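Participant: Mind looking over this structure? Questions follow.
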Amino acid sequence: MIKINNLSKIFRTDLIETHALRQINLQVNEGEFAALTGPSGSGKSTLLNVLGTLESFDQGDYLLDGRSVKGLSDRELSALRNEKIGFIFQGFNLIKDFSLFDNIELPLRYRGFSAAERKRRVEQALETVGLAARRDYHPSQLSGGQQQRVAIARAIAGEPRILLADEPTGNLDSLMARQVMELLEKINQQGCTILMVTHDPDQARRANRHIQIVDGQLNDATLYEPLGYEPLVAGA
Amino acid sequence: MDALLHNLKLSWHSIKRAPLPYALTLLILSLGLGTFFSNATLYYWMNRDPIPEKSATLFMARLNSVPGDCTDCFEPPRVMSYMDMQKMSGSGITSAEAAMFSSDAYAKTVENQQATPSQVELRITQRDFFKLFNVPFLHGEAWPDNKARMEVVISKNTALKFFSRTDVVGQEMLIDDKLYKVIGVLNDWAMLPRLYDVNGRRSAEPAEDIYIPLETAYDLAIQSNTQNSYFDVDWDGNMATYPQMARNNFANQLQFWVQLDSPEKVQQYQQFLKNLVADEKAAGRHQRPEGNKLDNILNVQKALRATNDQLDAFALVASLFLLVCVVNAGHLSLNRYMANQYEFSLRRALGASRWQLQSQILADVLLSSALAFAAALFFAQLGLWTINSLLPGTRALASWDWQMLGVMALFVLLISYLVTLYPALKTSFSPLNQQLKQ
């Protein structure tokens, strides 16, 4: 699904160069749920941004679903993000003036789906995250956990090949964090690859693969058996 | 259409999020545009071709004919004498020709003699005036010839004002206590600018109310209210002798217009004037150097040095003011977009291409343009009202036709896009990751 070879990323200012990623090699296979951990400033978010094509890289190559993203035009990169990648952000990044429906529909519009298809997918995604009854609510009317579930619905509505989650439970209390993790596991079980940045060792242990990054370099191959919890909510 | 509506909805949300900065941006932009439009409206009306179907064939003819020897006086006077006009008429070369001047009087109807008379603007002219400038008749017709007669042609508004109806052919009017019969009523007609009245600097004013035959005016001692000059005239001021004096001396108040339908005719008429001057010189009457002028109607303002310098200066000021407003509105717009940068980055992350963001920004421009257009028209009307109050001579120039409105709307669209262009590009090309990480 994801394959990067000798990938490096350097941030430059007038005075200094910071090597955020140093010749990283990584392969994430289809259906994996991988946790990416590391101390602050280690480069995990940068790596996630590069994988999400939100950030360019300086050296090496990056193949997403077998296709190199190097040299792709803005239009091609946008289409790639829209069709193959779903983003889940720590701060949810919902548009507060929009209803849940409108928020989830937004990336589907960029893909050019018909109104009927958009409606079908939004309703299905809302059903998956358990918020079907609140489609006309606005984000401010929801709890943090519910907002993150809306963000997950937005990410999965386009049926992407991979979900990139940047500390998806970082702003949530433990109860809500568990709900979100269960939801991600459920989505993963349905075949969607997930790469999740987290600070929480417990959450990292719930993934079936743990990748550590320190000073822009990877320490991989720490495989865990998924922990598994008792579901908090029936069907969640 | 669905995408456009969606984008307009997004724009509306964006406005609601920060209405005051948006209103301020619009206010500044509209003020600049409104001021510019006020000026552009005047400029357009003053500089347009008022009669495009035949402007190439209409000329104002002048002779450098003033008594007294002056070897370096090459510029003919703006107005001419009755004698010279007579000599320039009847050449057989023109397809229409008319002498004219403007005047004013007080008028009332015969039926309502007790009423206070109303002031009316007069055009003293000859039969071909209506043909020269394609003046449309609603009822009746022009005089059959150029002889003196107590008959007038009146405008539609004058008919409505004095008779409350338009079909008043055969009705009588008292103009400065002289009785005239109405023989024609003009249809709606507004030649703007009235380039046949440039010498009086009244080309921006509405057309006259009443048209009186030239010979009648001379008989009744009606004089020009804009320009008349008496050269080498020994007249005691007795109005009874005015008709003879004005016809036989250099009592200059006339301008003379001709229609020449081809370049050959123009050349022939120029030659005709040249021959006329030669004959006059031979008779000892034309002492100045030859300085005949045959100015096309579109060059008359320049030829008579009657271009409006105030308007030009105002055009410059209005353009600079618009520039300042655009820069300021652009700055405010940049702030507004930067405040919304997070949302643009989010859309990019969710798969919107830069072009798709541009279409969103175009919807912003469309909405801003519509609002700015309405506000700019309001400010432009305010500006025109002020200018018309300060310069009453411009009061006929305050209207807009559909074509002008269309051009103005396009201009607003272009300026709104310019104001949005830099913020839009900056927003579209900003790094995505910084905005999304909270």
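Please note that chains go A, B, ... in the order of the structure tokens, that every chain numbers its residues from 1, and that ligands are numbered from 1 in the order shown.
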Set the distance at 9 Å and use only C-alpha atoms: which residues neighbour segment 417-427 of chain B once local chain neighbours fewer than 6 positions away are removed? I'd like the list as number ranges by chain.

Facilitator: B: 29, 326-331, 333-338, 340-341, 344-345, 354, 357-358, 361-362, 364-366, 369

Participant: So which residues touch segment 126-143 of chain B within 9 Å, counting only C-alpha atoms, skipping near sequence neighbours fewer than 5 positions away, as a PyMOL selection string?

Facilitator: chain B and resi 51+54-55+58+95-100+149+151-153+155-156+166-169+182-191+196+211-215+257-259

Participant: Please return, as an MDAnalysis selection string, all residues of chain B lying within 12 Å of chain A when only C-alpha atoms are considered.

Facilitator: chainID B and resid 1:4 6:7 9:17 340 342:357 359:360 428:438

Participant: For N, CA and C atoms, I'd like the residues from the last selection saved as a compact mmCIF listing (two decimals), in the first residue's frame.

Facilitator:
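Written out: out.txt:
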```txt
# COMPACT_ATOMS: atom_id res chain seq x y z
N MET B 1 -24.22 24.06 -11.92
CA MET B 1 -25.07 24.95 -11.12
C MET B 1 -25.01 24.57 -9.64
N ASP B 2 -25.02 23.23 -9.42
CA ASP B 2 -24.95 22.74 -8.04
C ASP B 2 -23.66 23.22 -7.38
N ALA B 3 -22.55 23.13 -8.16
CA ALA B 3 -21.25 23.55 -7.61
C ALA B 3 -21.25 25.04 -7.34
N LEU B 4 -21.83 25.81 -8.26
CA LEU B 4 -21.87 27.27 -8.09
C LEU B 4 -22.66 27.64 -6.84
N HIS B 6 -23.22 25.78 -4.29
CA HIS B 6 -22.45 25.36 -3.12
C HIS B 6 -21.37 26.38 -2.80
N ASN B 7 -20.66 26.83 -3.85
CA ASN B 7 -19.60 27.80 -3.62
C ASN B 7 -20.14 29.13 -3.11
N LYS B 9 -22.76 29.41 -1.34
CA LYS B 9 -23.12 29.15 0.07
C LYS B 9 -21.87 29.26 0.96
N LEU B 10 -20.76 28.71 0.48
CA LEU B 10 -19.51 28.81 1.24
C LEU B 10 -19.10 30.27 1.41
N SER B 11 -19.27 31.04 0.34
CA SER B 11 -18.91 32.46 0.41
C SER B 11 -19.78 33.16 1.45
N TRP B 12 -21.04 32.84 1.45
CA TRP B 12 -21.97 33.46 2.38
C TRP B 12 -21.58 33.12 3.82
N HIS B 13 -21.21 31.85 4.04
CA HIS B 13 -20.74 31.44 5.37
C HIS B 13 -19.51 32.25 5.76
N SER B 14 -18.62 32.42 4.80
CA SER B 14 -17.38 33.15 5.07
C SER B 14 -17.67 34.60 5.45
N ILE B 15 -18.66 35.20 4.78
CA ILE B 15 -19.04 36.58 5.10
C ILE B 15 -19.64 36.64 6.50
N LYS B 16 -20.50 35.68 6.80
CA LYS B 16 -21.17 35.69 8.10
C LYS B 16 -20.17 35.53 9.26
N ARG B 17 -19.08 34.84 8.94
CA ARG B 17 -18.08 34.59 9.96
C ARG B 17 -17.43 35.90 10.43
N ASN B 340 -9.03 32.96 7.05
CA ASN B 340 -9.72 31.74 6.62
C ASN B 340 -8.76 30.70 6.04
N TYR B 342 -7.01 28.46 7.28
CA TYR B 342 -7.17 27.10 7.80
C TYR B 342 -8.19 26.32 6.97
N GLU B 343 -9.28 27.00 6.63
CA GLU B 343 -10.34 26.31 5.90
C GLU B 343 -9.89 25.96 4.47
N PHE B 344 -9.14 26.87 3.87
CA PHE B 344 -8.63 26.58 2.53
C PHE B 344 -7.67 25.39 2.57
N SER B 345 -6.82 25.37 3.60
CA SER B 345 -5.87 24.26 3.72
C SER B 345 -6.62 22.95 3.94
N LEU B 346 -7.66 23.02 4.75
CA LEU B 346 -8.45 21.81 5.00
C LEU B 346 -9.04 21.29 3.69
N ARG B 347 -9.57 22.19 2.90
CA ARG B 347 -10.16 21.76 1.63
C ARG B 347 -9.11 21.14 0.72
N ARG B 348 -7.93 21.76 0.75
CA ARG B 348 -6.84 21.17 -0.07
C ARG B 348 -6.52 19.77 0.43
N ALA B 349 -6.48 19.62 1.76
CA ALA B 349 -6.16 18.30 2.31
C ALA B 349 -7.24 17.29 1.96
N LEU B 350 -8.45 17.76 1.85
CA LEU B 350 -9.56 16.84 1.54
C LEU B 350 -9.68 16.56 0.05
N GLY B 351 -8.78 17.15 -0.72
CA GLY B 351 -8.74 16.76 -2.13
C GLY B 351 -9.10 17.84 -3.11
N ALA B 352 -9.28 19.08 -2.63
CA ALA B 352 -9.59 20.15 -3.58
C ALA B 352 -8.31 20.57 -4.29
N SER B 353 -8.35 20.65 -5.59
CA SER B 353 -7.18 21.14 -6.32
C SER B 353 -7.15 22.66 -6.20
N ARG B 354 -6.03 23.22 -6.62
CA ARG B 354 -5.95 24.69 -6.58
C ARG B 354 -7.02 25.30 -7.47
N TRP B 355 -7.29 24.65 -8.58
CA TRP B 355 -8.31 25.16 -9.49
C TRP B 355 -9.69 25.14 -8.82
N GLN B 356 -9.95 24.05 -8.06
CA GLN B 356 -11.23 23.99 -7.37
C GLN B 356 -11.33 25.09 -6.31
N LEU B 357 -10.20 25.41 -5.69
CA LEU B 357 -10.20 26.53 -4.75
C LEU B 357 -10.45 27.84 -5.49
N SER B 359 -12.22 28.21 -8.11
CA SER B 359 -13.64 28.34 -8.45
C SER B 359 -14.43 28.80 -7.22
N GLN B 360 -13.97 28.37 -6.06
CA GLN B 360 -14.58 28.88 -4.82
C GLN B 360 -14.34 30.39 -4.70
N SER B 428 -3.93 29.78 -1.88
CA SER B 428 -3.86 28.51 -2.60
C SER B 428 -2.47 27.88 -2.52
N PHE B 429 -1.44 28.72 -2.39
CA PHE B 429 -0.09 28.19 -2.44
C PHE B 429 0.58 28.10 -1.06
N SER B 430 -0.19 28.37 -0.03
CA SER B 430 0.39 28.26 1.32
C SER B 430 0.60 26.80 1.69
N PRO B 431 1.61 26.52 2.55
CA PRO B 431 1.81 25.13 2.99
C PRO B 431 0.59 24.62 3.75
N LEU B 432 0.26 23.36 3.51
CA LEU B 432 -0.97 22.82 4.10
C LEU B 432 -0.78 22.39 5.55
N ASN B 433 0.37 21.82 5.82
CA ASN B 433 0.52 21.13 7.09
C ASN B 433 0.41 22.05 8.30
N GLN B 434 0.93 23.31 8.16
CA GLN B 434 0.97 24.22 9.31
C GLN B 434 -0.43 24.54 9.81
N GLN B 435 -1.35 24.71 8.86
CA GLN B 435 -2.68 25.16 9.24
C GLN B 435 -3.51 24.05 9.87
N LEU B 436 -3.21 22.82 9.53
CA LEU B 436 -4.07 21.72 9.96
C LEU B 436 -3.63 21.15 11.29
N LYS B 437 -2.40 21.47 11.67
CA LYS B 437 -1.90 20.95 12.94
C LYS B 437 -2.32 21.91 14.04
N GLN B 438 -3.11 21.50 14.94
CA GLN B 438 -3.55 22.40 16.01
C GLN B 438 -2.98 21.95 17.35
```

Participant: Please identify the strand (DSSP E) residues within segment 119-239 of chain B (assignment by DSSP from backbone atoms) and present them as a ChimeraX atom specification.

Facilitator: /B:119-125,137-140,151-154,172-175,178-186,210-213,229-231

Participant: Pick out the residues sitting within 10 Å of Leu26 of chain A, and hand them over as a PyMOL selection string; count only C-alpha atoms, and ignore anything fewer than 2 positions along from it in its own chain.

Facilitator: chain A and resi 2-7+23-24+28-29+62+211+218-220

Participant: Just to confirm, what's the straight-line distance from atom CA of Glu123 of chain A to atom CA of Met181 of chain A in Å (one decimal)?

Facilitator: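 One can read the atom CA of Glu123 of chain A to atom CA of Met181 of chain A distance as 21.2 Å.
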
Participant: For the structure I just gave you, how does DSSP split segment 165-375 of chain B - specifically, which residues are alpha helix (DSSP H)? Reply as a PyMOL selection string.

Facilitator: chain B and resi 214-219+242-248+263-282+300-303+309-339+341-349+354-375

Participant: Write out as a ChimeraX atom specification each polymer residue whose atoms come within 12 Å of segment 78-82 of chain B, counting only C-alpha atoms; drop sequence neighbours fewer than 5 positions from it.

Facilitator: /B:60-67,87-89,98-102,196-201,214-215,217-218,224,226-231,233,243-257,292-295,300-301,303-306

Participant: What does the structure give for the distance between atom CA of Met173 of chain B and atom CA of Lys108 of chain B, in Å to one decimal?

Facilitator: 6.0 Å

Participant: Which value, in Å to one decimal, gives the distance between atom CA of Arg118 of chain A and atom CA of Leu5 of chain B?

Facilitator: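 It comes out at 15.8 Å.
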
Participant: Compile the contact shell of Gln141 of chain A as a list in words: residues with an atom at most 12 Å away, counting only C-alpha atoms, same-chain residues fewer than 3 positions apart removed.

Facilitator: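 Listing them by chain and then by number gives Lys96, Asp97, Phe98, Ser99, Leu100, Arg134, Arg135, Asp136, Tyr137, His138, Gly144, Gly145, Gln146, Gln147 and Val150 of chain A.
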